[in-house]
Amino acid sequence: MKPQSMIQLLVIEDDRETAAYIKKGLTECGHAVDQAGDGKDGLLLADSNSYQVIVVDRMLPKVDGVTLTKTLRGNGNRTPILMLSALGEVEDRVKGLKAGADDYLVKPFAFSELQARIEALVRRAEPESPDTVLNVGDLSMDLLKREVRRGDVKIDLQPREFRLLEYLMRHSGQVVTRTMLLEKVWDYHFDPQTNVIDVHVSRLRGKIDKEFEQPLLHTVRGAGYMLSEPD
Amino acid sequence: MLFAGSVLAILSFFYWTSVGYLTTQTDETINAEIKGLAERYSSDGFTGLRVQIAERLSRQQPGENTLYLLTDERFRPMLGNINEWPDAQQDAGGWLDFEFTTPLRGADGSAGGRVRMYMARGRTFLIGNRYHLLVGHGMRELQEVSQQILRAMIFGVIGAVILALIGGALLRRTLTRRLEAIIRTSRQVIRGNLSERVPTRHSDDEFDELSENLNHMLSQLEQGMDGVRRVSDNIAHDLKTPLARLRNRLEELRLAGSDAEQREQMIDQVVAEADGLLATFNALLRIARIESSGKREAFTEIELSSILRDLQELYEALAEEKHQEFVFEADHTQSLEGDRDMLFQALANLLDNAIKYTPKGGAVGLRMFEQDNETLIQISDSGPGIPKSEHDNVLQRFYRVDESRTTPGSGLGLALSDAVFRLHGMKLGFSNNHPGLCVTVVV
């Protein structure tokens, strides 16, 4: 796995156990984590420092997560916000996203899911390349012609496979979880009983990796998938 | 009392109209009499009038009580069957109400000493500027009739009041008896005996309706309570087993050697076990939340056929992995207000089951079509199916057709789907696919 560059994070979470768990995990990944125990402290810290991502719990003492997000957005703060919540129904998610959050993660979550989403948010905050061609190793995707080539070989993809590969390529070098793929590629928030996503990924792998020496699409155990350049 | 009051009101009306009618009748008789006399007067003059009155007086039958009195200018009686000019005032229509004391036939007259006073009514005229004429009619009949009506009224009201009191007491007794049956039953229910039912008489009245409704409510409550009991038993069982496994794995982990690879593997197993438990709890909470909420604010206009196409696209690959034939037919369109993610989840659960239970080389179908003006979504498989006797049970939380619970799954998938469909006003049903199961969702 390619090491990620250090991310400056603010975690606003009132539950000490969860906060410690998040902080410990992120610090071990090499990120710099500031912490706030309630919404008021969180707002102060967010206003006075510059972070790359803010992780905010929806239910907080003093100022709740939705209000905090609205306040930050109202002040012109555009830092990506990941909202954590025990409430997972569509209207809860919609409310959080409407307030200005960039992503929404339902508790309890696997740490790998949180990490992957934080990294995706940092990537998204970077100005998106105006390129019409994405490249990972010798794999290239022409977004205008909707063509995919590996080296000189043209690869035929179904429309959904194309979107799946595009998402993986845009997040190359990052772990992408199955839930993220369902949300971003299939546009559904749901919980498949079987690993139906694995089937699609392995099909894609069959098309882009099978007949080539260097595999690009990797399975990250316990987390998801990663498309990365060969070392 | 209300009853007695209305009886009184009806009788009063009857009294008033009948007395009024009789009065009018009297007035008409007098008018006819006067008309006759006036004609005679105009043809034969005063003498003719006198003769006419005398004739009439002599012809009068007992019981007939037309009154005549002709007087001179000083009201001294000249001819007639009343002793003296009455001392009464005329009303606006020229009518005079007066009392007279002379018996009708002058023969046994005042000599008897015993005279009865009667009410009478009549009109007076001045003839030739000299003579006064009174033509009237005794009101004896009217008086008697009205007295009888009054008597009837008094008896009627008394009778009605007595009947009302008796009827009320009887009604009250019946009401109390029937209410007591309901009160007795409700006390039993309060004590916790939910199987108690209110006795009914099969008489189709409101009390039976109330009793039947109460019984129906009690049955539903009882069923609900049984369901809760069964679910909590199942939760206890279904969660205890994986929790025990989790605990054992953790113990093993503590005793395990320092082999990093082996430890890693065991940790993965523990995490998977915990994830499974969390998934079960999540599913339970979701079902509870879906069931307790009404129509959502987050409902949007969605096209079912597009959800079905997405399902096909996601799951056809899974079926192909198992070398199953995937039949997709959804030419019919149907839009509705709903939650896109929830409906996708609910249908995905069904499709997931269909693929899971169909053996390699079998067939799975996803169809949407119209039948009898209803849109149906059908998910069919060629797996082992579910016996008809189990069709109602499979929607219960934690229910497994396979009692040994060896196949993976929480036993909550169908219950969750069912809850989502019910929230959208859809209905889930099962039928035999010969072979396999056919799940039909009526939109």
# chains A, B, ... in the order shown; residues from 1 in each chain; ligands from 1
>>> select_by_dssp(residues="region 109-249 of chain B", states="helix (DSSP H, G or I)", output="PyMOL selection string")
chain B and resi 110-112+140-190+206-249
>>> closest_atom_pairs(of="chain B", to="chain A", cutoff="7 Å", atoms="only C-alpha atoms", output="Markdown table")
| residue | atom | partner | partner_atom | distance |
| --- | --- | --- | --- | --- |
| B:Ala298 | CA | A:Glu91 | CA | 5.3 |
| B:Tyr315 | CA | A:Val196 | CA | 6.9 |
| B:Ala317 | CA | A:Val199 | CA | 6.6 |
| B:Leu318 | CA | A:Val196 | CA | 6.2 |
| B:Asp341 | CA | A:His189 | CA | 5.7 |
| B:Gln345 | CA | A:Phe190 | CA | 5.7 |
>>> atom_distance(atom1="CA of Leu134 (chain A)", atom2="CA of Val148 (chain A)")
9.5 Å
>>> closest_residue(among="B:Glu222, B:Asp310, B:Asp331, B:Asp27", to="Ser195 (chain B)", atoms="only C-alpha atoms")
B:Glu222
>>> closest_residue(among="B:Gly94, B:Pro199, B:Gly362, B:Gly128", to="Gly45 (chain B)", atoms="only C-alpha atoms")
B:Gly128
>>> atom_distance(atom1="CA of Ala120 (chain A)", atom2="CA of Arg146 (chain A)")
23.4 Å
>>> residues_around(residues="Met217 (chain B)", least_positions_apart="5", cutoff="12 Å", atoms="only C-alpha atoms", output="list in words")
Ser186, Val189, Leu194, Ser195, Glu196, Arg197, Val198, Leu210, Ser211, Glu212, Glu222, Gln223 and Gly224 of chain B
>>> atom_distance(atom1="CA of Gly168 (chain B)", atom2="CA of Ile10 (chain B)")
20.8 Å
>>> closest_residue(among="B:Pro435, B:Gly425, B:Gly365, B:Gly48", to="Gly385 (chain B)", atoms="only C-alpha atoms")
B:Pro435
>>> residues_around(residues="Gln265 (chain B)", least_positions_apart="6", cutoff="12 Å", atoms="only C-alpha atoms", output="ChimeraX atom specification")
/A:221-222 /B:249,252-253,256,259,271-272
>>> write_last_selection(atoms="C-alpha atoms", output="PDB file, in the first residue's frame")
ATOM      1  CA  ARG A 221      -8.170  -7.440   3.220  1.00  0.00           C
ATOM      2  CA  GLY A 222     -10.895  -6.359   5.629  1.00  0.00           C
TER       3      GLY A 222
ATOM      4  CA  ARG B 249     -12.744 -16.865  19.967  1.00  0.00           C
ATOM      5  CA  GLU B 252      -8.688 -18.688  22.139  1.00  0.00           C
ATOM      6  CA  LEU B 253      -6.941 -15.528  21.031  1.00  0.00           C
ATOM      7  CA  ALA B 256      -2.953 -18.455  21.080  1.00  0.00           C
ATOM      8  CA  ASP B 259       2.208 -16.802  15.406  1.00  0.00           C
ATOM      9  CA  VAL B 271     -14.414  -8.953  13.895  1.00  0.00           C
ATOM     10  CA  ALA B 272     -16.618 -10.841  11.422  1.00  0.00           C
TER      11      ALA B 272
END
>>> residues_around(residues="Asp64 (chain A)", least_positions_apart="3", cutoff="12 Å", atoms="only C-alpha atoms", output="VMD selection string")
chain A and resid 12 to 14 37 to 43 56 to 61 67 to 71 83 to 85 96 99
>>> write_last_selection(atoms="N, CA and C atoms", output="compact mmCIF listing (two decimals), in the first residue's frame")
# COMPACT_ATOMS: atom_id res chain seq x y z
N ILE A 12 -14.55 16.04 16.00
CA ILE A 12 -15.47 16.58 17.01
C ILE A 12 -16.42 15.46 17.41
N GLU A 13 -16.19 14.90 18.57
CA GLU A 13 -16.95 13.72 19.00
C GLU A 13 -17.03 13.76 20.52
N ASP A 14 -18.24 13.65 21.08
CA ASP A 14 -18.38 13.76 22.54
C ASP A 14 -18.16 12.43 23.25
N GLY A 37 -14.50 18.04 22.26
CA GLY A 37 -15.50 17.20 22.94
C GLY A 37 -16.92 17.71 22.80
N ASP A 38 -17.08 18.96 22.34
CA ASP A 38 -18.45 19.44 22.09
C ASP A 38 -18.45 20.40 20.90
N GLY A 39 -19.65 20.77 20.50
CA GLY A 39 -19.81 21.56 19.29
C GLY A 39 -19.19 22.94 19.39
N LYS A 40 -19.24 23.54 20.59
CA LYS A 40 -18.72 24.89 20.76
C LYS A 40 -17.20 24.92 20.59
N ASP A 41 -16.52 24.00 21.30
CA ASP A 41 -15.06 23.90 21.16
C ASP A 41 -14.71 23.58 19.71
N GLY A 42 -15.50 22.69 19.11
CA GLY A 42 -15.25 22.27 17.73
C GLY A 42 -15.28 23.46 16.78
N LEU A 43 -16.31 24.33 16.96
CA LEU A 43 -16.43 25.52 16.10
C LEU A 43 -15.22 26.43 16.27
N VAL A 56 -17.24 15.15 12.19
CA VAL A 56 -18.12 15.67 13.22
C VAL A 56 -19.25 14.70 13.52
N ASP A 57 -19.48 14.48 14.81
CA ASP A 57 -20.58 13.62 15.21
C ASP A 57 -21.86 14.43 15.10
N ARG A 58 -22.92 13.75 14.73
CA ARG A 58 -24.18 14.48 14.53
C ARG A 58 -24.78 14.96 15.85
N MET A 59 -24.68 14.09 16.87
CA MET A 59 -25.25 14.46 18.16
C MET A 59 -24.15 14.91 19.10
N LEU A 60 -24.15 16.22 19.39
CA LEU A 60 -23.09 16.79 20.21
C LEU A 60 -23.69 17.70 21.28
N PRO A 61 -23.04 17.80 22.44
CA PRO A 61 -23.52 18.78 23.42
C PRO A 61 -23.23 20.20 22.93
N THR A 67 -26.07 21.84 13.05
CA THR A 67 -25.94 23.30 13.22
C THR A 67 -24.50 23.73 13.01
N LEU A 68 -23.57 22.94 13.56
CA LEU A 68 -22.15 23.28 13.43
C LEU A 68 -21.74 23.34 11.96
N THR A 69 -22.22 22.31 11.20
CA THR A 69 -21.89 22.29 9.77
C THR A 69 -22.46 23.51 9.07
N LYS A 70 -23.71 23.82 9.38
CA LYS A 70 -24.36 24.98 8.76
C LYS A 70 -23.60 26.27 9.09
N THR A 71 -23.18 26.38 10.38
CA THR A 71 -22.47 27.59 10.81
C THR A 71 -21.16 27.74 10.05
N MET A 83 -19.69 13.54 8.32
CA MET A 83 -20.59 13.48 9.47
C MET A 83 -20.79 12.04 9.92
N LEU A 84 -20.67 11.82 11.23
CA LEU A 84 -20.90 10.50 11.81
C LEU A 84 -22.25 10.52 12.50
N SER A 85 -23.01 9.43 12.37
CA SER A 85 -24.30 9.42 13.05
C SER A 85 -24.79 8.02 13.31
N GLY A 96 -28.19 15.79 6.81
CA GLY A 96 -26.78 16.05 7.05
C GLY A 96 -26.09 16.63 5.83
N ALA A 99 -27.14 20.19 5.08
CA ALA A 99 -26.52 21.18 5.97
C ALA A 99 -25.15 21.57 5.44
>>> residues_around(residues="region 79-86 of chain B", least_positions_apart="2", cutoff="6 Å", atoms="only C-alpha atoms", output="number ranges by chain")
B: 68-70, 77, 88, 102
>>> residues_around(residues="Ile355 (chain B)", least_positions_apart="2", cutoff="10 Å", atoms="only C-alpha atoms", output="list in words")
Tyr315, Glu316, Leu318, Ala319, Glu320, Lys322, Gln324, Phe326, Leu350, Leu351, Asp352, Asn353, Tyr357, Thr358, Pro359, Lys360, Gly362, Ala363, Val364, Gly365, Ser380, Asp381, Ser382 and Gly383 of chain B
>>> select_by_dssp(residues="region 27-93 of chain A", states="strand (DSSP E or B)", output="number ranges by chain")
A: 32-36, 53-57, 81-85
>>> closest_residue(among="B:Ile30, B:Val420, B:Ala354, B:Leu311", to="Asp339 (chain B)", atoms="only C-alpha atoms")
B:Val420
